[in-house]
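See below for model-v5.json, which holds JSON, C-alpha atoms and all ligand atoms.
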```json
[["chain", "number", "residue", "atom", "x", "y", "z"],
["Y", 38, "MET", "CA", 0.00, 0.00, 0.00],
["Y", 39, "ASP", "CA", 2.31, 2.71, -1.32],
["Y", 40, "ALA", "CA", 1.21, 5.99, -2.90],
["Y", 41, "GLN", "CA", 2.55, 9.38, -3.84],
["Y", 42, "ALA", "CA", 0.96, 12.85, -4.23],
["Y", 43, "SER", "CA", 2.20, 16.41, -4.80],
["Y", 44, "ALA", "CA", 0.85, 19.79, -3.76],
["Y", 45, "PRO", "CA", 1.97, 23.32, -4.60],
["Y", 46, "GLY", "CA", 3.11, 25.99, -2.17],
["Y", 47, "ALA", "CA", 1.52, 29.43, -2.18],
["Y", 48, "GLY", "CA", 2.06, 33.15, -1.70],
["Y", 49, "THR", "CA", -0.05, 35.52, 0.38],
["Y", 50, "VAL", "CA", -2.62, 38.06, -0.78],
["Y", 51, "LEU", "CA", -4.08, 38.70, 2.69],
["Y", 52, "ASN", "CA", -2.57, 37.32, 5.89],
["Y", 53, "ALA", "CA", -5.32, 35.80, 8.07],
["Y", 54, "LEU", "CA", -3.58, 36.63, 11.34],
["Y", 55, "ALA", "CA", -5.43, 39.96, 11.65],
["Y", 56, "THR", "CA", -9.07, 38.83, 11.39],
["Y", 57, "GLY", "CA", -9.20, 35.14, 10.40],
["Y", 58, "VAL", "CA", -10.05, 36.06, 6.80],
["Y", 59, "GLY", "CA", -7.12, 35.25, 4.52],
["Y", 60, "SER", "CA", -6.23, 34.87, 0.87],
["Y", 61, "ALA", "CA", -3.44, 33.01, -0.93],
["Y", 62, "PHE", "CA", -2.45, 31.97, -4.47],
["Y", 63, "ALA", "CA", -0.82, 28.69, -5.47],
["Y", 64, "ILE", "CA", 2.66, 28.83, -7.02],
["Y", 65, "ASP", "CA", 4.48, 26.31, -9.17],
["Y", 66, "LEU", "CA", 6.83, 24.97, -6.46],
["Y", 67, "THR", "CA", 5.75, 21.66, -4.98],
["Y", 68, "VAL", "CA", 6.06, 19.24, -2.09],
["Y", 69, "THR", "CA", 5.80, 15.51, -2.90],
["Y", 70, "ALA", "CA", 4.80, 12.98, -0.23],
["Y", 71, "THR", "CA", 5.43, 9.24, -0.46],
["Y", 72, "VAL", "CA", 3.35, 7.15, 1.92],
["Y", 73, "SER", "CA", 3.83, 3.47, 2.65],
["Y", 74, "LEU", "CA", 1.19, 1.82, 4.87],
["Y", 75, "THR", "CA", 1.62, -1.41, 6.85],
["Y", 76, "ASP", "CA", -0.50, -3.35, 9.33],
["Y", 77, "THR", "CA", 1.76, -2.26, 12.20],
["Y", 78, "THR", "CA", 0.86, 0.71, 14.39],
["Y", 79, "GLY", "CA", 2.83, 3.98, 14.49],
["Y", 80, "VAL", "CA", 3.80, 6.37, 11.73],
["Y", 81, "THR", "CA", 7.38, 7.50, 11.08],
["Y", 82, "GLY", "CA", 7.98, 10.63, 9.02],
["Y", 83, "SER", "CA", 11.07, 12.02, 7.33],
["Y", 84, "ILE", "CA", 11.84, 15.10, 5.27],
["Y", 85, "ASP", "CA", 14.31, 14.54, 2.45],
["Y", 86, "GLY", "CA", 17.58, 16.38, 3.05],
["Y", 87, "VAL", "CA", 16.53, 17.89, 6.41],
["Y", 88, "GLU", "CA", 18.10, 16.18, 9.43],
["Y", 89, "GLY", "CA", 16.18, 16.51, 12.72],
["Y", 90, "ALA", "CA", 13.19, 18.20, 11.06],
["Y", 91, "ASP", "CA", 9.82, 18.33, 12.82],
["Y", 92, "THR", "CA", 7.81, 15.52, 11.23],
["Y", 93, "HIS", "CA", 4.78, 15.64, 13.57],
["Y", 94, "LEU", "CA", 2.55, 17.36, 10.97],
["Y", 95, "ILE", "CA", 2.92, 14.72, 8.26],
["Y", 96, "GLU", "CA", 2.74, 11.86, 10.78],
["Y", 97, "ARG", "CA", -0.52, 13.30, 12.20],
["Y", 98, "CYS", "CA", -1.94, 13.61, 8.65],
["Y", 99, "VAL", "CA", -1.37, 9.88, 8.04],
["Y", 100, "GLU", "CA", -2.82, 8.98, 11.45],
["Y", 101, "ILE", "CA", -6.05, 10.96, 10.94],
["Y", 102, "VAL", "CA", -6.63, 9.46, 7.49],
["Y", 103, "THR", "CA", -5.96, 5.85, 8.50],
["Y", 104, "GLU", "CA", -8.08, 6.19, 11.66],
["Y", 105, "ARG", "CA", -10.97, 7.70, 9.67],
["Y", 106, "TYR", "CA", -10.83, 5.85, 6.36],
["Y", 107, "GLY", "CA", -8.78, 2.73, 7.12],
["Y", 108, "THR", "CA", -8.21, 0.50, 10.13],
["Y", 109, "GLY", "CA", -5.57, 2.57, 11.90],
["Y", 110, "GLU", "CA", -2.68, 1.38, 9.72],
["Y", 111, "GLY", "CA", 0.82, 2.67, 10.50],
["Y", 112, "GLY", "CA", 3.78, 3.09, 8.17],
["Y", 113, "THR", "CA", 6.14, 5.70, 6.82],
["Y", 114, "VAL", "CA", 5.77, 9.09, 5.14],
["Y", 115, "ARG", "CA", 8.56, 10.99, 3.40],
["Y", 116, "THR", "CA", 8.39, 14.45, 1.83],
["Y", 117, "GLU", "CA", 10.63, 15.98, -0.82],
["Y", 118, "SER", "CA", 10.26, 19.72, -1.18],
["Y", 119, "GLU", "CA", 11.10, 22.47, -3.66],
["Y", 120, "ILE", "CA", 9.95, 24.93, -0.99],
["Y", 121, "PRO", "CA", 12.14, 25.97, 1.95],
["Y", 122, "ILE", "CA", 10.53, 25.14, 5.31],
["Y", 123, "ALA", "CA", 9.17, 28.00, 7.45],
["Y", 124, "SER", "CA", 9.87, 30.63, 4.80],
["Y", 125, "GLY", "CA", 6.28, 31.86, 4.33],
["Y", 126, "LEU", "CA", 5.73, 29.88, 1.12],
["Y", 127, "LYS", "CA", 3.29, 27.43, 2.73],
["Y", 128, "SER", "CA", 5.44, 24.33, 2.73],
["Y", 129, "SER", "CA", 3.45, 23.10, 5.75],
["Y", 130, "SER", "CA", 0.13, 23.30, 3.87],
["Y", 131, "ALA", "CA", 1.64, 21.68, 0.77],
["Y", 132, "ALA", "CA", 3.24, 18.88, 2.83],
["Y", 133, "ALA", "CA", -0.03, 18.24, 4.69],
["Y", 134, "ASN", "CA", -2.12, 18.22, 1.49],
["Y", 135, "ALA", "CA", 0.30, 15.91, -0.35],
["Y", 136, "THR", "CA", 0.44, 13.55, 2.65],
["Y", 137, "VAL", "CA", -3.35, 13.40, 3.10],
["Y", 138, "LEU", "CA", -3.90, 12.67, -0.62],
["Y", 139, "ALA", "CA", -1.13, 10.04, -0.73],
["Y", 140, "THR", "CA", -2.59, 8.30, 2.33],
["Y", 141, "LEU", "CA", -6.13, 8.34, 0.90],
["Y", 142, "SER", "CA", -4.71, 6.92, -2.34],
["Y", 143, "ALA", "CA", -2.76, 4.20, -0.48],
["Y", 144, "LEU", "CA", -6.06, 3.18, 1.15],
["Y", 145, "GLY", "CA", -7.81, 3.23, -2.25],
["Y", 146, "VAL", "CA", -10.42, 5.79, -1.13],
["Y", 147, "ALA", "CA", -9.13, 9.03, -2.74],
["Y", 148, "ASP", "CA", -12.20, 9.29, -5.02],
["Y", 149, "GLU", "CA", -14.56, 9.17, -2.04],
["Y", 150, "VAL", "CA", -13.18, 12.29, -0.37],
["Y", 151, "SER", "CA", -13.54, 15.76, -1.91],
["Y", 152, "ARG", "CA", -10.41, 17.87, -2.28],
["Y", 153, "THR", "CA", -11.86, 20.47, 0.11],
["Y", 154, "LYS", "CA", -12.52, 17.82, 2.74],
["Y", 155, "ALA", "CA", -8.97, 16.50, 2.25],
["Y", 156, "ALA", "CA", -7.55, 20.02, 2.78],
["Y", 157, "LYS", "CA", -9.54, 20.28, 6.02],
["Y", 158, "ILE", "CA", -7.88, 17.09, 7.30],
["Y", 159, "GLY", "CA", -4.48, 18.74, 6.79],
["Y", 160, "VAL", "CA", -5.71, 21.84, 8.64],
["Y", 161, "GLU", "CA", -6.96, 19.64, 11.49],
["Y", 162, "ALA", "CA", -3.54, 17.96, 11.69],
["Y", 163, "ALA", "CA", -1.77, 21.37, 11.67],
["Y", 164, "ARG", "CA", -3.97, 22.52, 14.57],
["Y", 165, "ASP", "CA", -3.34, 19.25, 16.46],
["Y", 166, "VAL", "CA", 0.45, 19.60, 16.27],
["Y", 167, "GLY", "CA", 0.51, 23.39, 16.79],
["Y", 168, "VAL", "CA", 2.21, 24.59, 13.59],
["Y", 169, "THR", "CA", -0.53, 27.13, 12.82],
["Y", 170, "VAL", "CA", -2.31, 30.10, 14.37],
["Y", 171, "THR", "CA", -5.68, 30.16, 12.55],
["Y", 172, "GLY", "CA", -5.47, 26.71, 10.90],
["Y", 173, "ALA", "CA", -4.34, 28.44, 7.67],
["Y", 174, "PHE", "CA", -7.22, 27.14, 5.54],
["Y", 175, "ASP", "CA", -6.43, 30.05, 3.16],
["Y", 176, "ASP", "CA", -3.05, 28.48, 2.36],
["Y", 177, "ALA", "CA", -4.35, 24.89, 2.49],
["Y", 178, "SER", "CA", -7.20, 25.62, 0.06],
["Y", 179, "ALA", "CA", -4.99, 27.50, -2.42],
["Y", 180, "SER", "CA", -2.49, 24.63, -2.36],
["Y", 181, "MET", "CA", -5.15, 21.93, -2.66],
["Y", 182, "LEU", "CA", -7.39, 23.59, -5.27],
["Y", 183, "GLY", "CA", -4.88, 25.81, -7.14],
["Y", 184, "GLY", "CA", -5.56, 29.43, -8.15],
["Y", 185, "VAL", "CA", -6.44, 32.18, -5.69],
["Y", 186, "THR", "CA", -8.71, 31.50, -2.72],
["Y", 187, "VAL", "CA", -10.22, 33.78, -0.08],
["Y", 188, "THR", "CA", -11.28, 31.97, 3.08],
["Y", 189, "ASP", "CA", -12.70, 32.40, 6.55],
["Y", 190, "ASN", "CA", -10.33, 30.40, 8.74],
["Y", 191, "GLU", "CA", -12.70, 30.51, 11.72],
["Y", 192, "THR", "CA", -15.25, 28.39, 9.86],
["Y", 193, "ASP", "CA", -12.86, 26.81, 7.32],
["Y", 194, "THR", "CA", -14.94, 27.98, 4.37],
["Y", 195, "VAL", "CA", -13.88, 29.18, 0.94],
["Y", 196, "ILE", "CA", -15.60, 32.57, 0.42],
["Y", 197, "HIS", "CA", -14.23, 33.17, -3.07],
["Y", 198, "SER", "CA", -11.92, 31.48, -5.56],
["Y", 199, "GLU", "CA", -10.69, 32.28, -9.04],
["Y", 200, "ASN", "CA", -7.74, 31.64, -11.33],
["Y", 201, "ARG", "CA", -5.11, 34.26, -12.13],
["Y", 202, "GLU", "CA", -2.12, 33.72, -14.39],
["Y", 203, "TRP", "CA", 0.89, 35.68, -13.17],
["Y", 204, "ASP", "CA", 4.60, 35.28, -13.30],
["Y", 205, "VAL", "CA", 5.76, 35.22, -9.70],
["Y", 206, "LEU", "CA", 9.11, 36.39, -8.36],
["Y", 207, "VAL", "CA", 10.10, 34.96, -4.98],
["Y", 208, "TRP", "CA", 12.85, 36.30, -2.72],
["Y", 209, "THR", "CA", 13.74, 34.06, 0.23],
["Y", 210, "PRO", "CA", 16.27, 35.42, 2.74],
["Y", 211, "PRO", "CA", 18.59, 32.90, 4.45],
["Y", 212, "GLU", "CA", 16.51, 32.62, 7.62],
["Y", 213, "GLN", "CA", 13.30, 30.98, 8.88],
["Y", 214, "ALA", "CA", 10.15, 32.38, 10.53],
["Y", 215, "PHE", "CA", 7.81, 29.81, 12.10],
["Y", 216, "SER", "CA", 4.12, 30.84, 11.97],
["Y", 217, "SER", "CA", 3.61, 29.40, 15.45],
["Y", 218, "GLU", "CA", 6.07, 32.02, 16.78],
["Y", 219, "ALA", "CA", 4.51, 35.05, 15.04],
["Y", 220, "SER", "CA", 3.46, 38.17, 17.00],
["Y", 221, "VAL", "CA", -0.24, 37.41, 16.80],
["Y", 222, "ASP", "CA", -1.36, 40.32, 19.04],
["Y", 223, "ARG", "CA", 0.41, 42.86, 16.81],
["Y", 224, "CYS", "CA", -1.25, 41.33, 13.73],
["Y", 225, "ARG", "CA", -4.68, 41.55, 15.39],
["Y", 226, "GLN", "CA", -4.13, 45.31, 15.88],
["Y", 227, "LEU", "CA", -4.45, 45.53, 12.09],
["Y", 228, "ALA", "CA", -8.01, 44.15, 12.10],
["Y", 229, "PRO", "CA", -9.92, 47.37, 11.14],
["Y", 230, "VAL", "CA", -7.71, 47.95, 8.06],
["Y", 231, "ALA", "CA", -7.47, 44.24, 7.25],
["Y", 232, "ASP", "CA", -11.28, 44.31, 6.88],
["Y", 233, "LEU", "CA", -10.85, 46.88, 4.08],
["Y", 234, "LEU", "CA", -8.29, 44.59, 2.45],
["Y", 235, "ALA", "CA", -10.68, 41.67, 2.63],
["Y", 236, "ASP", "CA", -13.25, 43.80, 0.73],
["Y", 237, "LEU", "CA", -10.66, 44.68, -1.93],
["Y", 238, "THR", "CA", -9.66, 41.03, -2.22],
["Y", 239, "LEU", "CA", -13.25, 39.84, -2.52],
["Y", 240, "ASP", "CA", -13.67, 42.38, -5.38],
["Y", 241, "GLY", "CA", -10.78, 40.59, -7.14],
["Y", 242, "ALA", "CA", -8.28, 43.46, -6.64],
["Y", 243, "PHE", "CA", -5.67, 40.91, -5.59],
["Y", 244, "GLU", "CA", -2.58, 42.84, -6.73],
["Y", 245, "LYS", "CA", -3.44, 46.06, -4.87],
["Y", 246, "GLY", "CA", -4.66, 44.08, -1.88],
["Y", 247, "MET", "CA", -1.44, 42.10, -1.61],
["Y", 248, "THR", "CA", 0.69, 45.24, -1.82],
["Y", 249, "LEU", "CA", -1.22, 46.88, 1.04],
["Y", 250, "ASN", "CA", -1.01, 43.59, 2.95],
["Y", 251, "GLY", "CA", 2.76, 43.72, 2.49],
["Y", 252, "PHE", "CA", 3.13, 47.17, 4.09],
["Y", 253, "LEU", "CA", 0.77, 46.33, 6.96],
["Y", 254, "PHE", "CA", 2.34, 43.02, 7.89],
["Y", 255, "CYS", "CA", 5.93, 44.24, 7.46],
["Y", 256, "ALA", "CA", 5.02, 46.82, 10.13],
["Y", 257, "ALA", "CA", 3.31, 44.33, 12.44],
["Y", 258, "LEU", "CA", 5.94, 41.58, 12.09],
["Y", 259, "ASP", "CA", 8.95, 43.92, 12.04],
["Y", 260, "PHE", "CA", 10.23, 43.22, 8.53],
["Y", 261, "SER", "CA", 11.78, 46.01, 6.45],
["Y", 262, "PRO", "CA", 9.39, 47.25, 3.71],
["Y", 263, "GLU", "CA", 12.42, 47.93, 1.46],
["Y", 264, "PRO", "CA", 11.86, 44.81, -0.73],
["Y", 265, "LEU", "CA", 8.33, 46.14, -1.40],
["Y", 266, "MET", "CA", 9.71, 49.56, -2.42],
["Y", 267, "GLU", "CA", 12.25, 47.85, -4.70],
["Y", 268, "ALA", "CA", 9.40, 46.03, -6.47],
["Y", 269, "LEU", "CA", 7.24, 49.13, -6.98],
["Y", 270, "PRO", "CA", 6.01, 50.42, -9.36],
["Y", 271, "ASP", "CA", 7.20, 47.68, -11.74],
["Y", 272, "ALA", "CA", 5.39, 44.71, -10.18],
["Y", 273, "ALA", "CA", 1.58, 44.55, -10.38],
["Y", 274, "GLY", "CA", 1.55, 43.41, -6.74],
["Y", 275, "VAL", "CA", 4.09, 42.57, -4.03],
["Y", 276, "SER", "CA", 3.90, 41.37, -0.44],
["Y", 277, "LEU", "CA", 5.59, 39.76, 2.48],
["Y", 278, "SER", "CA", 4.36, 36.15, 2.15],
["Y", 279, "GLY", "CA", 2.67, 34.78, 5.25],
["Y", 280, "THR", "CA", 4.68, 35.54, 8.38],
["Y", 281, "GLY", "CA", 7.79, 35.86, 6.19],
["Y", 282, "PRO", "CA", 10.64, 35.97, 5.62],
["Y", 283, "SER", "CA", 9.95, 35.45, 1.85],
["Y", 284, "PHE", "CA", 8.49, 38.16, -0.36],
["Y", 285, "THR", "CA", 6.56, 37.48, -3.58],
["Y", 286, "ALA", "CA", 5.96, 39.88, -6.47],
["Y", 287, "VAL", "CA", 3.47, 39.21, -9.28],
["Y", 288, "GLY", "CA", 3.07, 40.58, -12.81],
["Y", 289, "THR", "CA", 4.34, 39.79, -16.28],
["Y", 290, "ARG", "CA", 7.85, 38.46, -16.87],
["Y", 291, "ALA", "CA", 8.82, 41.87, -18.34],
["Y", 292, "GLU", "CA", 7.45, 43.73, -15.29],
["Y", 293, "LEU", "CA", 9.32, 41.44, -12.92],
["Y", 294, "LYS", "CA", 12.69, 41.63, -14.74],
["Y", 295, "PRO", "CA", 13.89, 44.87, -13.07],
["Y", 296, "VAL", "CA", 12.58, 43.66, -9.72],
["Y", 297, "LYS", "CA", 14.59, 40.45, -10.13],
["Y", 298, "GLU", "CA", 17.73, 42.47, -10.79],
["Y", 299, "ARG", "CA", 17.20, 44.46, -7.57],
["Y", 300, "TRP", "CA", 16.20, 41.49, -5.38],
["Y", 301, "GLN", "CA", 19.18, 39.47, -6.65],
["Y", 302, "GLN", "CA", 21.49, 41.94, -4.88],
["Y", 303, "ARG", "CA", 19.99, 40.69, -1.59],
["Y", 304, "PRO", "CA", 21.30, 37.68, 0.39],
["Y", 305, "GLY", "CA", 19.36, 34.43, -0.05],
["Y", 306, "THR", "CA", 17.68, 33.16, -3.21],
["Y", 307, "THR", "CA", 15.57, 34.89, -5.85],
["Y", 308, "LEU", "CA", 13.66, 32.72, -8.28],
["Y", 309, "LEU", "CA", 11.05, 33.17, -10.95],
["Y", 310, "THR", "CA", 8.05, 30.86, -11.10],
["Y", 311, "THR", "CA", 4.38, 31.12, -12.08],
["Y", 312, "THR", "CA", 0.97, 30.74, -10.52],
["Y", 313, "GLU", "CA", -0.41, 27.20, -10.39],
["Y", 314, "THR", "CA", -4.06, 26.53, -11.20],
["Y", 315, "ASN", "CA", -4.49, 22.75, -10.98],
["Y", 316, "GLY", "CA", -3.78, 22.25, -7.29],
["Y", 317, "ALA", "CA", -2.69, 19.01, -5.65],
["Y", 318, "ILE", "CA", -2.38, 15.77, -7.65],
["Y", 319, "ILE", "CA", -2.15, 12.07, -6.89],
["Y", 320, "HIS", "CA", 0.58, 10.30, -8.87],
["Y", 321, "ASP", "CA", -0.36, 7.17, -10.88],
["Z", 401, "LIG", "N1", 8.20, 19.65, 3.51],
["Z", 401, "LIG", "C1", 7.71, 19.41, 4.75],
["Z", 401, "LIG", "N2", 7.56, 18.15, 5.18],
["Z", 401, "LIG", "C2", 7.05, 17.90, 6.40],
["Z", 401, "LIG", "N3", 6.67, 18.84, 7.29],
["Z", 401, "LIG", "C3", 6.80, 20.12, 6.90],
["Z", 401, "LIG", "C4", 7.31, 20.47, 5.62],
["Z", 401, "LIG", "N4", 7.31, 21.82, 5.53],
["Z", 401, "LIG", "C5", 6.82, 22.30, 6.68],
["Z", 401, "LIG", "N5", 6.52, 21.28, 7.53],
["Z", 401, "LIG", "C6", 6.00, 21.40, 8.90],
["Z", 401, "LIG", "O1", 5.51, 22.72, 9.07],
["Z", 401, "LIG", "C7", 6.30, 23.45, 10.03],
["Z", 401, "LIG", "C8", 6.55, 24.87, 9.54],
["Z", 401, "LIG", "O2", 5.33, 25.48, 9.32],
["Z", 401, "LIG", "P1", 5.23, 27.05, 9.03],
["Z", 401, "LIG", "O3", 5.98, 27.78, 10.08],
["Z", 401, "LIG", "O4", 3.80, 27.37, 8.82],
["Z", 401, "LIG", "O5", 6.05, 27.22, 7.68],
["Z", 401, "LIG", "P2", 5.61, 27.40, 6.17],
["Z", 401, "LIG", "O6", 5.45, 28.87, 5.95],
["Z", 401, "LIG", "O7", 6.79, 26.85, 5.41],
["Z", 401, "LIG", "O8", 4.37, 26.64, 5.92],
["Z", 401, "LIG", "C9", 7.59, 22.64, 10.17],
["Z", 401, "LIG", "O9", 8.17, 22.79, 11.45],
["Z", 401, "LIG", "C10", 7.10, 21.21, 9.92],
["Z", 401, "LIG", "O10", 6.48, 20.70, 11.08],
["Z", 402, "LIG", "O1", -0.80, 29.90, 10.83],
["Z", 402, "LIG", "C1", -1.67, 30.61, 10.29],
["Z", 402, "LIG", "O2", -2.84, 30.62, 10.68],
["Z", 402, "LIG", "C2", -1.28, 31.48, 9.15],
["Z", 402, "LIG", "C3", 0.04, 31.64, 8.85],
["Z", 402, "LIG", "C4", 0.52, 32.57, 7.82],
["Z", 402, "LIG", "O3", 1.21, 31.88, 6.81],
["Z", 402, "LIG", "P1", 2.69, 31.21, 6.91],
["Z", 402, "LIG", "O4", 2.50, 29.85, 7.48],
["Z", 402, "LIG", "O5", 3.18, 31.12, 5.51],
["Z", 402, "LIG", "O6", 3.56, 32.08, 7.73],
["Z", 402, "LIG", "C5", -0.62, 33.39, 7.19],
["Z", 402, "LIG", "O7", -0.28, 33.88, 5.92],
["Z", 402, "LIG", "C6", -1.92, 32.64, 7.05],
["Z", 402, "LIG", "O8", -2.91, 33.53, 6.52],
["Z", 402, "LIG", "C7", -2.38, 32.12, 8.39]]
```

Now, as a test, write the supplied structure out as structure tokens.
Ligand SMILES: Nc1ncnc2c1ncn2[C@@H]1O[C@H](COP(=O)(O)OP(=O)(O)O)[C@@H](O)[C@H]1O
Ligand SMILES: O=C(O)C1=C[C@@H](OP(=O)(O)O)[C@@H](O)[C@H](O)C1
Amino acid sequence: MDAQASAPGAGTVLNALATGVGSAFAIDLTVTATVSLTDTTGVTGSIDGVEGADTHLIERCVEIVTERYGTGEGGTVRTESEIPIASGLKSSSAAANATVLATLSALGVADEVSRTKAAKIGVEAARDVGVTVTGAFDDASASMLGGVTVTDNETDTVIHSENREWDVLVWTPPEQAFSSEASVDRCRQLAPVADLLADLTLDGAFEKGMTLNGFLFCAALDFSPEPLMEALPDAAGVSLSGTGPSFTAVGTRAELKPVKERWQQRPGTTLLTTTETNGAIIHD
């Protein structure tokens, strides 16, 4: 009973830490999970190339699925990732989604569970192991379904979703920022203005919304807004992604070219990718 699935990471339009309403867009960088189930109990996780990594999230994903849809099988789960961990590019949501789908596939029940329901299992696992503040259904839904989603993370509902085709420039500094350690109280201070951003986002003004999100959350989370200034006015939209430290800029390849030249002067990695509109997939 072996199976494999992949899910994309995502960038932020609206960080949900202010009000619980959040928005994210899937990007073409993926996490692949390989699950092997046995009749023994206990699940052992590993993350390719990362010694001593925290594997509780992916282990909990397998446990929930086998308890609910199987007979409590144990086994192993391994992830391979194109996305750096704890960099704001939603590797946790992608890893959870890929693991849940691979486990459903290993049990032969993937067709019986909707993609939205599968994403909610990953969110449940993230809450159980404490790697999230709101559950991050915004990130989980964008990764699972592809495209841009706007969600209410208090009720785990998708309020709005649509596809956008952008080139996406990603700058990742050489450091990590775990969501579970974010200054949640400072983010909540942004609630009255974050409500205005939610309205903009629901009107489909994603690029302007994400740029305003970038300035607000750089202030709340104590990141320099300089990468945002370096992207403007060339990029159509730019933001701190999640709780950082990565920044993402969107637009056409031509618009992002001068931004790339400026961001490449910074330490860390700058890479060009695109939006992703298919979401998570189970491998044959
Ligand atoms: N590729 C992965 N495989 C397994 N678990 C992962 C992976 N990426 C992230 N995680 C889990 O998520 C945690 C980081 O979550 P978070 O701080 O939200 O970062 P991110 O912004 O990358 O999603 C890690 O400590 C680990 O438990
Ligand atoms: O844990 C959470 O509830 C969230 C974490 C943030 O993302 P990162 O995990 O990328 O920092 C944020 O963007 C999201 O809206 C909600």

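Straight-line separation from CA of Gly279 (chain Y) to CA of Gly86 (chain Y): 23.8 Å.
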
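Between CA of Ala257 (chain Y) and CA of Lys297 (chain Y) lies a distance of 25.5 Å.
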
Straight-line distance linking CA of Thr188 (chain Y) with CA of Asp175 (chain Y), stated in Å to one decimal
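Going from CA of Thr188 (chain Y) over to CA of Asp175 (chain Y), I get 5.2 Å.
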
(-5.8, 45.3, -3.6) in this file's frame - what residues fall within 10 Å of it? Use all atoms listed in the file and give the answer as a ChimeraX atom specification.
/Y:50-51,233-250,274

Shell around region 275-277 of chain Y at 7 Å using all atoms listed in the file, local window under 3 positions removed, as a PyMOL selection string:
chain Y and resi 247-248+250-251+255+265+268+272+281+283-287

Any chance you could export the current selection's C-alpha atoms as a PDB file, in the coordinates of the input?
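File written: part_14.pdb
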```
ATOM      1  CA  MET Y 247      -1.440  42.100  -1.610  1.00  0.00           C
ATOM      2  CA  THR Y 248       0.690  45.240  -1.820  1.00  0.00           C
ATOM      3  CA  ASN Y 250      -1.010  43.590   2.950  1.00  0.00           C
ATOM      4  CA  GLY Y 251       2.760  43.720   2.490  1.00  0.00           C
ATOM      5  CA  CYS Y 255       5.930  44.240   7.460  1.00  0.00           C
ATOM      6  CA  LEU Y 265       8.330  46.140  -1.400  1.00  0.00           C
ATOM      7  CA  ALA Y 268       9.400  46.030  -6.470  1.00  0.00           C
ATOM      8  CA  ALA Y 272       5.390  44.710 -10.180  1.00  0.00           C
ATOM      9  CA  GLY Y 281       7.790  35.860   6.190  1.00  0.00           C
ATOM     10  CA  SER Y 283       9.950  35.450   1.850  1.00  0.00           C
ATOM     11  CA  PHE Y 284       8.490  38.160  -0.360  1.00  0.00           C
ATOM     12  CA  THR Y 285       6.560  37.480  -3.580  1.00  0.00           C
ATOM     13  CA  ALA Y 286       5.960  39.880  -6.470  1.00  0.00           C
ATOM     14  CA  VAL Y 287       3.470  39.210  -9.280  1.00  0.00           C
TER      15      VAL Y 287
END
```

When the cut-off is 7 Å and you count all atoms listed in the file, which residues lie near ligand LIG 402 (chain Z), shown as a PDB file with C-alpha atoms, in the coordinates of the input?
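After the write, result-v9.pdb holds the following:
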```pdb
ATOM      1  CA  THR Y  49      -0.050  35.520   0.380  1.00  0.00           C
ATOM      2  CA  LEU Y  51      -4.080  38.700   2.690  1.00  0.00           C
ATOM      3  CA  ASN Y  52      -2.570  37.320   5.890  1.00  0.00           C
ATOM      4  CA  ALA Y  53      -5.320  35.800   8.070  1.00  0.00           C
ATOM      5  CA  LEU Y  54      -3.580  36.630  11.340  1.00  0.00           C
ATOM      6  CA  GLY Y  59      -7.120  35.250   4.520  1.00  0.00           C
ATOM      7  CA  SER Y  60      -6.230  34.870   0.870  1.00  0.00           C
ATOM      8  CA  ALA Y 123       9.170  28.000   7.450  1.00  0.00           C
ATOM      9  CA  SER Y 124       9.870  30.630   4.800  1.00  0.00           C
ATOM     10  CA  GLY Y 125       6.280  31.860   4.330  1.00  0.00           C
ATOM     11  CA  LEU Y 126       5.730  29.880   1.120  1.00  0.00           C
ATOM     12  CA  LYS Y 127       3.290  27.430   2.730  1.00  0.00           C
ATOM     13  CA  VAL Y 168       2.210  24.590  13.590  1.00  0.00           C
ATOM     14  CA  THR Y 169      -0.530  27.130  12.820  1.00  0.00           C
ATOM     15  CA  VAL Y 170      -2.310  30.100  14.370  1.00  0.00           C
ATOM     16  CA  THR Y 171      -5.680  30.160  12.550  1.00  0.00           C
ATOM     17  CA  GLY Y 172      -5.470  26.710  10.900  1.00  0.00           C
ATOM     18  CA  ALA Y 173      -4.340  28.440   7.670  1.00  0.00           C
ATOM     19  CA  ASP Y 175      -6.430  30.050   3.160  1.00  0.00           C
ATOM     20  CA  ASP Y 176      -3.050  28.480   2.360  1.00  0.00           C
ATOM     21  CA  PHE Y 215       7.810  29.810  12.100  1.00  0.00           C
ATOM     22  CA  SER Y 216       4.120  30.840  11.970  1.00  0.00           C
ATOM     23  CA  SER Y 217       3.610  29.400  15.450  1.00  0.00           C
ATOM     24  CA  SER Y 278       4.360  36.150   2.150  1.00  0.00           C
ATOM     25  CA  GLY Y 279       2.670  34.780   5.250  1.00  0.00           C
ATOM     26  CA  THR Y 280       4.680  35.540   8.380  1.00  0.00           C
ATOM     27  CA  GLY Y 281       7.790  35.860   6.190  1.00  0.00           C
TER      28      GLY Y 281
END
```

Among the residues Y:Gly48, Y:Pro270, Y:Gly107, Y:Pro264, the one that comes closest to ligand LIG 401 (chain Z) [using all atoms listed in the file]
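Among the listed residues, Y:Gly48 lies closest to ligand LIG 401 (chain Z).
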
With all atoms of region 239-254 of chain Y from the file as input, state the centre and edge lengths in Å to one decimal of the axis-aligned box that has 4 Å extra on each side, as JSON.
```
{"center_x": -5.3, "center_y": 43.5, "center_z": 0.4, "size_x": 24.8, "size_y": 15.3, "size_z": 23.0}
```

For each of Y:Pro282, Y:Gly111, Y:Gly305, Y:Gly57, take the minimum atom-to-atom distance to ligand LIG 401 (chain Z), counting only C-alpha atoms and all ligand atoms, then give the residue where this is smallest.
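Nearest to ligand LIG 401 (chain Z): Y:Pro282.
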
Residues around (-4.3, 20.7, 9.5), cut-off 9 Å, counting all atoms listed in the file - what are they as a ChimeraX atom specification?
/Y:94,97-98,129-130,133-134,156-166,168-169,172-174,177

For Val207 (chain Y), which of Y:Val296, Y:Cys224, Y:Val150, Y:Met266 is the closest residue, counting all atoms listed in the file?
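Going through Y:Val296, Y:Cys224, Y:Val150, Y:Met266 one by one, the smallest distance to Val207 (chain Y) is for Y:Val296.
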